[in-house]
Amino acid sequence: MRTSFTEEQLKDKDNRSSEAIIRKCVHCGFCIPTCPSYKVLTNESDSPRGRIYMIKDMIENQKKPTENIVKHVDRCLSCCSCMTTCPSGVNYMHIIDHGRNYIEKNYQRPFWDKHIRNVLSFVIPNHRLFRLAGFLTKFAKPFKFLFPKKIKSMITLMPTNFPKKKMKDEKIYPVTNGNKISRVALLTGCVQKVIAPEINEATIRLLNRHGVEVVIPLKINCCGSLNHHLGKERSAHEEFKNNIHHWYDEYLKDGLDAIISNTSGCGTTIKDYGFIFREDSELKKKAKKISELTKDISEYLSDNLKLNFKDIKNTKVYKIAYHSACSMQHGQKIHSKPMDLLKKTGNEILEIPDGHLCCGSAGTYNMLQAEIADKLLKEKIKNIDQVKPDLISTGNIGCISQISNGTKIPILHTVEIIDWYTGGPQPEILRKL
C-alpha cells in the first residue's frame, strides 16, 4: 500500500513504524473472512483492511477523527486473527494501537462513552476498587433498567461474589521439596487475583512442586493492557514503566529465569514492551529484556520443565474442549503447547470448530460492544457444543469469564488441570461432576 507521509511526520517513531507496516499491506483481503467483527457485521470498514485504510488516511493527513472512524476502530477486538492469516506479515496489532492512541488524543467522545471508559480505566486495574465495585453492584443490579445501555452491560457482567484465597500472600514462594532449579516472577494480575485466585494458587503449587521458586514483586499490579487497548497511552505507559523497573531490579538483584504470565492477554502486551519502548534511551534495554523473559505458563512448562504426571485414581477420562484464546494463538503464536500438556493427563483433548474466532471477551470489549460480543459468544458456545465436552480449558481469565456466561459446562484454566494431574488438589468445580 502506497503512503505519503512527510519527512516531518516520519520523525515521529509511531508514524515511522506505522508507515513501514502499512507498506507491507498488498490489499489481498485474506484477513477479511478471519475477522470476527467482519463475520458479525459484514462491513468492509469493520475488517482489518478497512480499518488500515481509515487509520492511514486519518494519521497521514492529520485529520480529526470522525464519529464514523471511531465507531469502526472501537469495534476491533484486537484478537489479531488477521495477523495469523496475513501472507505479507502486516503487524495489524501495532497499527490499531497507533490508531487508538491518535483517537484518544484528538477526539471528543460523547459524555457517557467518555466517562464509562474512564471508570473502566480507573477501576479495573486496581484490585481493591474492583472488589468494591463488585460489592456496590449487588445493590445496583435490581435497578439496572434505569441506566444507559452500556452501563447495563457492565452491571450484568460484573461479578458480585468473589472466592476466598486459600494461599497467603507472600513475596517469595520457596521450593519446599527437593532442590531449587529455577527462579521466576509471577504476574498475578489485577482482575484475576480477585475473581479467580485459584489460578495463581495452582500456578504457584505446580511450579514449587517441580523445583521452581516463585517471586511476586509487591509493587506490580496490572500489566497495562486495559489502558493500552483503550488508547490511554499515558496511563498505560506509567503501568508499563513501573513493571519494567521492578522486574528488572528483581532480575539484577537475585536473578530471574522467566516472568510467568498465566493470563494470555497480559502476556501478549508484556512481550510487546520491547517494541513499545524501542526508542526510549532509558528503558529500551530494560524493556527488551523484560519482553524476552516473559513466558506464558504453558510455554514455560513445555520448554523448561519435565512434569511429573501422576495417575489420578477413581476418576473418569474427561472430554476436554480446548479454547485457544486469541491472545495466545494469534498474539503469542502459542497453540499446540497447551494441548500437548493436556494430552499428557490421559484425557481426550478436543479442538473447537472455528477455534480461530474470538469468544467476544477481548478485555473490556464485552462491556463496551455488548451486542457484537454476545453474538460472538453464542457462536463460540454453538461450536463448543458440537464436540460435546465434559469441560472446557483455556489460558485466559477473560475467556473464562465470557464463556461461562454462555454455558453450564465447567471451564478451567489449563494450569489448574495440569496442577491436579501432577499432584495438586482436584479443582472444586470438578467435584460436582
# chains A, B, ... in the order shown; residues from 1 in each chain; ligands from 1
>>> select_by_dssp(residues="segment 271-325 of chain A", states="strand (DSSP E)", output="number ranges by chain")
A: 294-296, 319-322
>>> residues_around(residues="segment 21-31 of chain A", least_positions_apart="5", cutoff="8 Å", atoms="only C-alpha atoms", output="JSON list (two decimals) with C-alpha atoms, in the first residue's frame")
[["chain", "number", "residue", "atom", "x", "y", "z"],
["A", 1, "MET", "CA", 0.00, 0.00, 0.00],
["A", 2, "ARG", "CA", 1.45, 3.37, -1.01],
["A", 3, "THR", "CA", 1.97, 6.03, 1.65],
["A", 47, "SER", "CA", -12.40, -5.58, 8.74],
["A", 48, "PRO", "CA", -8.62, -5.18, 9.26],
["A", 49, "ARG", "CA", -8.11, -3.97, 5.69],
["A", 52, "ILE", "CA", -5.96, 0.13, 7.96],
["A", 56, "LYS", "CA", -3.73, 5.51, 7.33],
["A", 81, "SER", "CA", -6.58, -13.29, 13.94],
["A", 82, "CYS", "CA", -5.77, -11.25, 10.86],
["A", 83, "MET", "CA", -2.06, -11.41, 11.71],
["A", 85, "THR", "CA", -3.66, -15.29, 8.16],
["A", 86, "CYS", "CA", -1.81, -12.33, 6.59],
["A", 87, "PRO", "CA", 0.67, -13.62, 3.97],
["A", 88, "SER", "CA", 2.58, -10.32, 3.97],
["A", 89, "GLY", "CA", 3.35, -10.13, 7.69],
["A", 90, "VAL", "CA", 1.36, -6.95, 8.37],
["A", 91, "ASN", "CA", 1.57, -6.20, 12.12],
["A", 92, "TYR", "CA", -2.02, -5.06, 12.50],
["A", 95, "ILE", "CA", -1.47, -0.23, 13.59]]
>>> residues_around(residues="segment 38-46 of chain A", least_positions_apart="2", cutoff="9 Å", atoms="only C-alpha atoms", output="VMD selection string")
chain A and resid 32 to 36 48 to 51 53 to 54 69 72 to 73 75 to 76 372 375 to 376
>>> residues_around(residues="Asn61 of chain A", least_positions_apart="6", cutoff="10 Å", atoms="only C-alpha atoms", output="JSON, numbers by chain")
{"A": [4, 5, 6, 9, 55]}
>>> write_last_selection(atoms="C-alpha atoms", output="PDB file, in the first residue's frame")
ATOM      1  CA  SER A   4       2.674   9.754   1.528  1.00  0.00           C
ATOM      2  CA  PHE A   5       3.903  10.663   4.999  1.00  0.00           C
ATOM      3  CA  THR A   6       6.065  13.794   5.023  1.00  0.00           C
ATOM      4  CA  GLN A   9       5.819  13.250  10.089  1.00  0.00           C
ATOM      5  CA  ILE A  55      -6.244   4.835  10.119  1.00  0.00           C
TER       6      ILE A  55
END
>>> atom_distance(atom1="atom CA of Ser121 of chain A", atom2="atom CA of Leu77 of chain A")
16.8 Å
>>> residues_around(residues="Asn366 of chain A", least_positions_apart="3", cutoff="12 Å", atoms="only C-alpha atoms", output="number ranges by chain")
A: 74-77, 150-158, 358-363, 369-377, 398-399, 401-403, 405
>>> atom_distance(atom1="atom CA of Tyr273 of chain A", atom2="atom CA of His330 of chain A")
17.2 Å
>>> closest_atom_pairs(of="segment 166-264 of chain A", to="segment 307-326 of chain A", cutoff="12 Å", atoms="only C-alpha atoms", output="CSV")
residue,atom,partner,partner_atom,distance
A:Leu206,CA,A:Leu307,CA,9.0
A:Leu207,CA,A:Leu307,CA,9.6
A:Asn208,CA,A:Leu307,CA,11.6
A:Arg209,CA,A:Asn308,CA,9.2
A:His210,CA,A:Leu307,CA,7.0
A:Gly211,CA,A:Leu307,CA,10.4
A:Val212,CA,A:Leu307,CA,11.7
A:Asn262,CA,A:Ala325,CA,11.9
A:Thr263,CA,A:Ala325,CA,9.7
A:Ser264,CA,A:Ala325,CA,7.3
>>> select_by_dssp(residues="segment 50-203 of chain A", states="alpha helix (DSSP H)", output="MDAnalysis selection string")
chainID A and resid 50:60 67:74 81:85 92:106 111:123 127:140 149:157 192:195 197:203
